[in-house]
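Peer 1: Have a look at this one before I ask anything.
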Protein chains: 2
Amino acid sequence: METLGGKSQQVASLNVVNALRERILEGRYSHGERIRQEDVAEDFQLSRLPVREALRVLETEGLVTIEPHKGARVATVDRFELEQIYTLRAAVEPLAIQQSIPNVDPAILSELESLASRMESSQDVEAFLQADREFHLKSYSGVQYPLITDLVQRFWNTTQHYRRRFAEVRDSENFQSAHSDHRMLIQAMKDKNLEVASAIVKRHIEKTRDQLMVMLDEDERQ
Amino acid sequence: METLGGKSQQVASLNVVNALRERILEGRYSHGERIRQEDVAEDFQLSRLPVREALRVLETEGLVTIEPHKGARVATVDRFELEQIYTLRAAVEPLAIQQSIPNVDPAILSELESLASRMESSQDVEAFLQADREFHLKSYSGVQYPLITDLVQRFWNTTQHYRRRFAEVRDSENFQSAHSDHRMLIQAMKDKNLEVASAIVKRHIEKTRDQLMVMLDEDERQ
DNA sequence: TTGCATAAGTTTGGATCCAAAACAAGCACT
DNA sequence: AGTGCTTGTTTTGGATCCAAACTTATGCAA
C-alpha cells in the first residue's frame with residue numbers, strides 16, 4: 001500500500017500516472033517487468049479503471065508496453081533504440097539550451113553550480129543520477145514553451161534505466177569529463193554564449209551515447 | 001453512427017484512438033471543439049470506457065486537451081506552439097532524411113515522384129494536403145527505428161489544422177517554391193547526397209514556418 | 001519421460017451502475 | 001431589469017460486474 005505523496009490532484013488517474021512514472025524512474029520495477037492492474041489498484045486503494053487509463057498514458061509516453069489481453073510491462077529499450085534516443089537528444093537539446101539561456105536568471109545559475117558540486121562529491125549512484133537529471137532539466141528551465149522540455153523529459157525518462165547502469169560501471173575518467181562539461185556549460189550560460197553552450201550540450205550527449213554503446217558492447221562480450 | 005473502417009483490431013479502445021485521430025486530422029472536428037464521451041461511444045456502438053482510454057491517449061499525443069470534470073476538446077495549437085513545433089521539425093527531420101536515404105530503394109523514389117506530380121497538379125486543398133503528408137512521411141520510410149518517424153508523425157498531426165488553412169490561402173509563388181523543394185529532394189535522394197538532402201529539408205521547413213507566421217500576422221491584422 | 005490436448009484459474013477488456021462535479025434555468029431579492 | 005442563489009440536468013470520474021482471452025496445471029497417450 002502506498003500513499004499518494006505530496007499534493008494529490010483531483011483526478012485519481014492522473015495521480016496514478018505520476019506515481020507509476022516515478023516508480024519506474026526510480027527503478028522500483030525492472031526492465032520488462034509485468035505490471036498487473038490489480039496489484040497497482042490495490043496499492044493505491046482504487047479500482048482498476050483509473051489504473052488502466054494510467055497505463056495507456058504511460059504507454060504513449062513510451063514507459064510501458066501493452067499487449068492486448070496480456071497486459072503491461074515496463075518498456076525495454078534496446079541498444080538501437082537507445083542510440084536513436086541519444087541521437088535525437090543531440091539534435092533537440094542544443095536547441096533547448098539556446099532558447100533557455102536568454103531567460104535564465106542568476107538564481108538558476110547558482111542552483112546549477114550547487115548541483116554540479118553535488119554531482120562531483122556524490123558517492124552513491126542514486127544521488128548522482130538525481131542531481132544529473134535535475135541539473136540538465138534545470139538548465140532548460142528558461143525555455144518558454146513547454147513542448148521542447150516535455151520532449152526532452154520524455155527522452156530522459158525512457159533511458160533512465162540505462163543511465164543507472166551506466167553510472168554504476170562508469171570509470172572516473174568519464175566522470176571527470178562529464179563534470180568538466182557541466183562547469184563549462186555553466187560558464188557559457190553566464191556569458192550568454194549560445195553557440196558555445198549548444199556545442200557543449202551536443203558533444204556532451206554524443207560522448208555519453210558513445211560511452212554507453214561501448215558499455216553495452218562489453219556487456220554482450222562477457 | 002460510424003463503422004470502424006478497414007482492419008479493425010482486437011481491442012476496441014485502440015480502434016477508437018485511430019478513428020478519432022483520423023477524424024481530427026481530417027478536420028471533421030474544428031479547433032477547440034468539445035468531444036463528448038457519450039457521443040463518441042454512441043457513434044462506435046461502445047460504452048464510454050474505451051472512449052475514455054482513447055481520449056487519454058490522444059491527450060498524451062497532443063491532439064486533444066482534457067480538463068478534469070469538464071471533458072475533452074480538440075487541442076488548439078497557438079501561434080508560439082506552432083512556431084516551436086516547426087523549429088523542432090527543422091532540427092529532427094534533417095536527421096530523419098539522413099537515416100532514411102541509405103535504405104530507400106528505387107520503388108520508393110518513383111512513388112515520391114508521382115506524389116510530387118500529384119501535388120503539382122492538385123486542384124483541391126484536401127488532395128494536396130494528403131499528397132504532401134504522404135510525400136514527406138514516405139521520404140522518411142527508410143528510417144530503421146520507428147522512434148524518429150513516430151515523433152515526426154506526431155508533429156505533423158498536431159499542426160494539420162494550420163497546414164489546411166495555409167494551403168487554402170497560400171499564393172502560387174509559395175507553392176512553386178515548395179514544389180521545387182520536393183523535386184530537389186528527390187534528386188538528392190537519388191544521388192544519396194545526405195548533406196544536400198538534409199539541408200533542403202531543413203530550409204523547406206524553415207521557409208514554411210516563416211510563411212505560416214506571416215499568414216497568422218495577416219489573420220490577426222484583419 | 002516427453003509431448004500435446006484439455007480444463008481450471010488468472011488477468012485483461014468492456015458494460016453497466018453510481019457518485020461527484022460542472023452547467024443551466026428558474027426563482028427571489030435588490 | 002439585473003444580480004445572486006438554489007435546484008435540476010447534463011457530463012464526467014470511479015466502482016463493480018461480466019465476458020473473453022491468455023496462462024498454467026493436469027492428465028492422457030505415444
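Ligands are numbered from 1 in the order shown, chains are lettered A, B, ... in the order of the C-alpha cells, and residues start at 1 in each chain.
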Up to 10 Å from chain A, what residues of chain C turn up? Count only C-alpha atoms (C1' of nucleotides) and give them as a PyMOL selection string.

Peer 2: chain C and resi 11-13

Peer 1: Please return as a ChimeraX atom specification: the residues of chain A that backbone DSSP assigns to alpha helix (DSSP H).

Peer 2: /A:12-25,37-44,48-61,79-100,106-121,125-139,146-158,160-169,172-190,194-221

Peer 1: Please identify all polymer residues within 12 Å of DG9 (chain C), counting only C-alpha atoms (C1' of nucleotides), omitting same-chain residues fewer than 4 positions from it, and present them as a PDB file with N, CA and C atoms (P, O5', C5', C4', C3', O3' and C1' of nucleotides), in the first residue's frame.

Peer 2:
ATOM      1  P    DC D  22      -5.472 -14.301 -26.856  1.00  0.00           P
ATOM      2  O5'  DC D  22      -4.567 -14.670 -25.590  1.00  0.00           O
ATOM      3  C5'  DC D  22      -4.068 -13.602 -24.791  1.00  0.00           C
ATOM      4  C4'  DC D  22      -3.700 -14.132 -23.428  1.00  0.00           C
ATOM      5  C3'  DC D  22      -2.610 -15.211 -23.438  1.00  0.00           C
ATOM      6  O3'  DC D  22      -1.515 -14.768 -22.645  1.00  0.00           O
ATOM      7  C1'  DC D  22      -4.402 -15.826 -22.016  1.00  0.00           C
ATOM      8  P    DT D  23      -0.194 -15.686 -22.550  1.00  0.00           P
ATOM      9  O5'  DT D  23      -0.391 -16.508 -21.207  1.00  0.00           O
ATOM     10  C5'  DT D  23      -0.779 -15.816 -20.030  1.00  0.00           C
ATOM     11  C4'  DT D  23      -0.781 -16.758 -18.842  1.00  0.00           C
ATOM     12  C3'  DT D  23       0.350 -17.793 -18.834  1.00  0.00           C
ATOM     13  O3'  DT D  23       0.907 -17.834 -17.533  1.00  0.00           O
ATOM     14  C1'  DT D  23      -1.754 -18.885 -18.671  1.00  0.00           C
ATOM     15  P    DT D  24       2.246 -18.669 -17.242  1.00  0.00           P
ATOM     16  O5'  DT D  24       1.705 -19.873 -16.335  1.00  0.00           O
ATOM     17  C5'  DT D  24       0.775 -19.586 -15.296  1.00  0.00           C
ATOM     18  C4'  DT D  24       0.055 -20.845 -14.886  1.00  0.00           C
ATOM     19  C3'  DT D  24       0.959 -22.075 -14.690  1.00  0.00           C
ATOM     20  O3'  DT D  24       0.767 -22.565 -13.371  1.00  0.00           O
ATOM     21  C1'  DT D  24      -0.932 -22.624 -16.014  1.00  0.00           C
ATOM     22  P    DA D  25       1.673 -23.761 -12.824  1.00  0.00           P
ATOM     23  O5'  DA D  25       0.622 -24.946 -12.776  1.00  0.00           O
ATOM     24  C5'  DA D  25      -0.670 -24.696 -12.244  1.00  0.00           C
ATOM     25  C4'  DA D  25      -1.580 -25.886 -12.502  1.00  0.00           C
ATOM     26  C3'  DA D  25      -0.940 -27.249 -12.248  1.00  0.00           C
ATOM     27  O3'  DA D  25      -1.875 -28.088 -11.586  1.00  0.00           O
ATOM     28  C1'  DA D  25      -1.757 -27.164 -14.455  1.00  0.00           C
TER      29       DA D  25
END

Peer 1: Kindly determine which residues of chain D lie within 8 Å of chain A, considering only C-alpha atoms (C1' of nucleotides), and give the answer as a ChimeraX atom specification.

Peer 2: /D:13-15,21-22

Peer 1: Which residues of chain B are close to chain A, meaning at most 6 Å apart when you count only C-alpha atoms, and how do they look as a PyMOL selection string?

Peer 2: chain B and resi 53+57+91

Peer 1: Compile the contact shell of region 135-143 of chain A as a ChimeraX atom specification: residues with an atom at most 8 Å away, counting only C-alpha atoms (C1' of nucleotides), same-chain residues fewer than 3 positions apart removed.

Peer 2: /A:96-97,99-104,108,112,115-116,131-132,146,148-149,153

Peer 1: Got a sec: who's within 10 Å of DA24 (chain C), counting only C-alpha atoms (C1' of nucleotides), leaving out chain neighbours fewer than 4 positions off, as a PDB file with C-alpha atoms (C1' of nucleotides), in the first residue's frame?

Peer 2:
ATOM      1  C1'  DG D   8     -32.476  20.260 -11.685  1.00  0.00           C
ATOM      2  C1'  DT D   9     -29.940  18.427 -15.578  1.00  0.00           C
ATOM      3  C1'  DT D  10     -26.003  17.023 -18.005  1.00  0.00           C
TER       4       DT D  10
END

Peer 1: Using only C-alpha atoms (C1' of nucleotides), which protein or nucleic acid residues come within 12 Å of DC5 (chain D)? Drop anything in the same chain fewer than 5 positions from it, and give the result as a CSV table (one decimal) with C-alpha atoms (C1' of nucleotides), in the first residue's frame.

Peer 2:
chain,number,residue,atom,x,y,z
C,26,DG,C1',-35.7,29.5,-12.7
C,27,DC,C1',-36.7,32.0,-8.6
C,28,DA,C1',-36.3,35.5,-5.1
C,29,DC,C1',-34.5,39.8,-4.0

Peer 1: Have a look at CA of Glu22 (chain B) and CA of Ile66 (chain B) and let me know their distance in Å, one decimal.

Peer 2: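 Computing the Euclidean distance for CA of Glu22 (chain B) and CA of Ile66 (chain B) yields 18.4 Å.
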
Peer 1: Taking the DSSP assignment computed from this structure's backbone, write out as a PyMOL selection string all residues of region 5-177 of chain B that belong to strand (DSSP E or B).

Peer 2: chain B and resi 34-35+64-67+71-74

Peer 1: Between CA of Glu195 (chain B) and CA of Thr159 (chain B), what distance in Å does the model show, to one decimal?

Peer 2: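 Atom-to-atom, CA of Glu195 (chain B) to CA of Thr159 (chain B), that is 26.7 Å.
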
Peer 1: How many Å lie between CA of Ala178 (chain A) and CA of Tyr29 (chain A), rounded to one decimal?

Peer 2: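 Straight-line distance from CA of Ala178 (chain A) to CA of Tyr29 (chain A) works out to 27.6 Å.
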
Peer 1: List as a PyMOL selection string the protein and nucleic acid residues near Thr76 (chain B), meaning an atom at most 10 Å away when only C-alpha atoms (C1' of nucleotides) are counted, but skip any in the same chain fewer than 3 places from it.

Peer 2: chain B and resi 30-33+62-65+73+79+81-82+158-159+161
